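Below: one structure, written as structure tokens.
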Amino acid sequence: GNSVTQMEGPVTLSEEAFLTINCTYTATGYPSLFWYVQYPGEGLQLLLKATKADDKGSNKGFEATYRKETTSFHLEKGSVQVSDSAVYFCALLQGAQKLVFGQGTRLTINP
Amino acid sequence: EAGVTQSPTHLIKTRGQQATLRCSPISGHTSVYWYQQALGLGLQFLLWYDEGEERNRGNFPPRFSGRQFPNYSSELNVNALELEDSALYLCASSLLSQGNIQYFGAGTRLSVL
């Protein structure tokens, strides 16, 4: 079946550091890939998406590229801020189906 | 444009009681998904409704049920509550013809005492 694996957290960085959160997936065919973010006490917000190979999703300074050859969708940001502290979920979707989530990565940014 | 709205925000019940959670999708969306986020267990798919019909359900017992109304809003019912049902329940809505991108509400936090 489909699955998503994220790098284990928690991840703690200093403000303005470079961020990478690794995400790899297992799926048949060509799923769509997503990053969702969950701020403390809130629901999930869609951060970015990519629907086909080599697509790059971007939003709020975050980027991720759909790499079919490595089945990966790593999240990156060049300079993180304290306000980026949250839990980040990588997810895949195939057609009219449920989202399959990774286990989530808790990110803490220290000033 | 209003996003996905869920009510109530918090719900406190005791073991054996029933809980009803509500979700209003984004205007124009016809699909509603329910997910459970229990502490330490990540996000687990519960139920999917589209056009008023249950289309799929996750690996949960039958005491988890729901329905979708003609206006596409949805209810999740949990009967015979158990302590381990304590979790954040998230609703998402989508439109299949627009890639089924799911947008989430803020969730209902259910506490079973």
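Residue numbers start at 1 in each chain; chains themselves are named A, B, ... in the order of the structure tokens; ligands are numbered from 1 in the order shown.
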
Contact check, chain A to chain B, at most 7 Å, counting only C-alpha atoms, closest pairs as CSV:
```
residue,atom,partner,partner_atom,distance
A:Glu42,CA,B:Ala106,CA,5.3
A:Gly43,CA,B:Ala106,CA,3.9
A:Leu44,CA,B:Phe104,CA,5.7
A:Gln45,CA,B:Phe104,CA,6.6
A:Leu46,CA,B:Tyr103,CA,6.8
A:Gly95,CA,B:Asn100,CA,7.0
A:Ala96,CA,B:Asn100,CA,6.4
A:Lys98,CA,B:Phe45,CA,6.8
A:Phe101,CA,B:Leu43,CA,6.5
A:Gln103,CA,B:Gly42,CA,5.4
```

Output for the residues just chosen: N, CA and C atoms as a short mmCIF file (atom, residue, chain, number, x, y, z; two decimals), in the first residue's frame:
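Full text of part_0.cif as output:
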```cif
data_model
loop_
_atom_site.label_atom_id
_atom_site.label_comp_id
_atom_site.auth_asym_id
_atom_site.auth_seq_id
_atom_site.Cartn_x
_atom_site.Cartn_y
_atom_site.Cartn_z
N GLU A 42 -3.98 24.20 16.57
CA GLU A 42 -4.78 24.45 15.36
C GLU A 42 -4.91 23.20 14.51
N GLY A 43 -5.71 23.32 13.45
CA GLY A 43 -5.84 22.24 12.48
C GLY A 43 -4.70 22.29 11.47
N LEU A 44 -4.86 21.57 10.38
CA LEU A 44 -3.82 21.52 9.34
C LEU A 44 -4.05 22.61 8.31
N GLN A 45 -2.95 23.22 7.89
CA GLN A 45 -3.01 24.18 6.79
C GLN A 45 -2.20 23.64 5.64
N LEU A 46 -2.74 23.72 4.45
CA LEU A 46 -1.99 23.32 3.27
C LEU A 46 -0.86 24.31 3.04
N GLY A 95 -5.73 10.20 -6.56
CA GLY A 95 -7.09 10.32 -7.07
C GLY A 95 -8.10 10.59 -5.99
N ALA A 96 -9.22 9.95 -6.11
CA ALA A 96 -10.32 10.16 -5.18
C ALA A 96 -10.15 9.25 -3.97
N LYS A 98 -8.16 8.88 0.18
CA LYS A 98 -7.77 9.59 1.40
C LYS A 98 -6.32 10.03 1.29
N PHE A 101 -0.56 10.21 5.35
CA PHE A 101 0.35 11.14 6.01
C PHE A 101 1.60 10.46 6.52
N GLN A 103 4.52 10.73 9.64
CA GLN A 103 4.28 10.79 11.08
C GLN A 103 4.39 12.20 11.65
#
```

Spatial neighbours of Ala50 in chain A, max dist 10 Å, only C-alpha atoms, sep filter under 4 positions, as a VMD selection string: chain A and resid 31 to 35 54 to 58 64 to 66 73 92

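Minimum distance to Pro10 in chain A across A:Pro40, A:Ser85, A:Pro111, A:Leu99 (counting only C-alpha atoms) occurs at A:Ser85.
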
Residues near Ala86 in chain A, cut-off 9 Å, only C-alpha atoms, skip fewer than 3 positions along chain, as a VMD selection string: chain A and resid 37 to 40 83 105 to 109

Atoms to include: all heavy atoms. Write the selected residues as a CSV table (one decimal), in the first residue's frame.
```
chain,number,residue,atom,x,y,z
A,37,VAL,N,1.0,22.1,7.4
A,37,VAL,CA,1.6,22.6,8.6
A,37,VAL,C,0.5,22.7,9.7
A,37,VAL,O,-0.6,23.1,9.4
A,37,VAL,CB,2.4,23.9,8.4
A,37,VAL,CG1,1.4,25.0,7.8
A,37,VAL,CG2,3.0,24.4,9.7
A,38,GLN,N,0.9,22.3,10.9
A,38,GLN,CA,0.0,22.4,12.0
A,38,GLN,C,0.6,23.3,13.1
A,38,GLN,O,1.6,22.8,13.8
A,38,GLN,CB,-0.4,21.0,12.6
A,38,GLN,CG,-1.4,21.0,13.7
A,38,GLN,CD,-1.9,19.7,14.1
A,38,GLN,OE1,-1.1,18.7,14.1
A,38,GLN,NE2,-3.1,19.5,14.4
A,39,TYR,N,0.1,24.5,13.3
A,39,TYR,CA,0.6,25.4,14.4
A,39,TYR,C,-0.1,24.9,15.7
A,39,TYR,O,-1.2,24.3,15.7
A,39,TYR,CB,0.3,26.8,14.1
A,39,TYR,CG,1.0,27.3,12.8
A,39,TYR,CD1,0.3,27.4,11.6
A,39,TYR,CD2,2.3,27.6,12.9
A,39,TYR,CE1,1.0,27.8,10.5
A,39,TYR,CE2,3.0,28.0,11.7
A,39,TYR,CZ,2.3,28.1,10.5
A,39,TYR,OH,3.0,28.5,9.4
A,40,PRO,N,0.5,25.2,16.8
A,40,PRO,CA,0.0,24.8,18.1
A,40,PRO,C,-1.5,25.1,18.3
A,40,PRO,O,-1.9,26.2,18.1
A,40,PRO,CB,0.9,25.5,19.1
A,40,PRO,CG,2.2,25.8,18.4
A,40,PRO,CD,1.8,26.0,17.0
A,83,SER,N,8.4,32.1,13.9
A,83,SER,CA,7.0,31.9,13.6
A,83,SER,C,6.8,30.6,12.7
A,83,SER,O,5.7,30.2,12.5
A,83,SER,CB,6.4,33.1,12.8
A,83,SER,OG,7.2,33.3,11.7
A,105,THR,N,6.8,16.0,11.7
A,105,THR,CA,8.1,16.5,12.2
A,105,THR,C,7.9,17.8,13.0
A,105,THR,O,7.4,18.7,12.4
A,105,THR,CB,9.1,16.7,11.1
A,105,THR,OG1,9.3,15.5,10.3
A,105,THR,CG2,10.4,17.1,11.6
A,106,ARG,N,8.2,17.7,14.2
A,106,ARG,CA,8.0,18.9,15.1
A,106,ARG,C,9.3,19.8,14.9
A,106,ARG,O,10.4,19.4,15.1
A,106,ARG,CB,7.9,18.6,16.5
A,106,ARG,CG,7.6,19.8,17.4
A,106,ARG,CD,7.3,19.4,18.9
A,106,ARG,NE,6.1,18.6,18.9
A,106,ARG,CZ,4.9,19.0,19.0
A,106,ARG,NH1,4.7,20.3,18.9
A,106,ARG,NH2,3.8,18.2,19.1
A,107,LEU,N,9.0,21.1,14.5
A,107,LEU,CA,10.1,22.0,14.3
A,107,LEU,C,10.0,23.1,15.3
A,107,LEU,O,9.0,23.7,15.5
A,107,LEU,CB,10.0,22.6,12.9
A,107,LEU,CG,11.0,23.7,12.5
A,107,LEU,CD1,12.4,23.2,12.5
A,107,LEU,CD2,10.6,24.4,11.2
A,108,THR,N,11.1,23.4,16.0
A,108,THR,CA,11.2,24.5,16.9
A,108,THR,C,12.4,25.4,16.5
A,108,THR,O,13.5,25.0,16.2
A,108,THR,CB,11.5,24.0,18.3
A,108,THR,OG1,10.5,23.1,18.7
A,108,THR,CG2,11.6,25.2,19.3
A,109,ILE,N,12.0,26.7,16.3
A,109,ILE,CA,13.0,27.7,16.0
A,109,ILE,C,13.3,28.6,17.2
A,109,ILE,O,12.4,29.2,17.7
A,109,ILE,CB,12.6,28.6,14.8
A,109,ILE,CG1,12.1,27.7,13.6
A,109,ILE,CG2,13.7,29.5,14.3
A,109,ILE,CD1,13.2,26.7,13.1
```

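Between CA of Ala53 in chain A and CA of Glu69 in chain A the separation is 8.7 Å.
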
DSSP strand (DSSP E) selection over range 18-75 of chain B, as a PyMOL selection string: chain B and resi 19-24+31-38+42-50+53-57+64-68+74-75
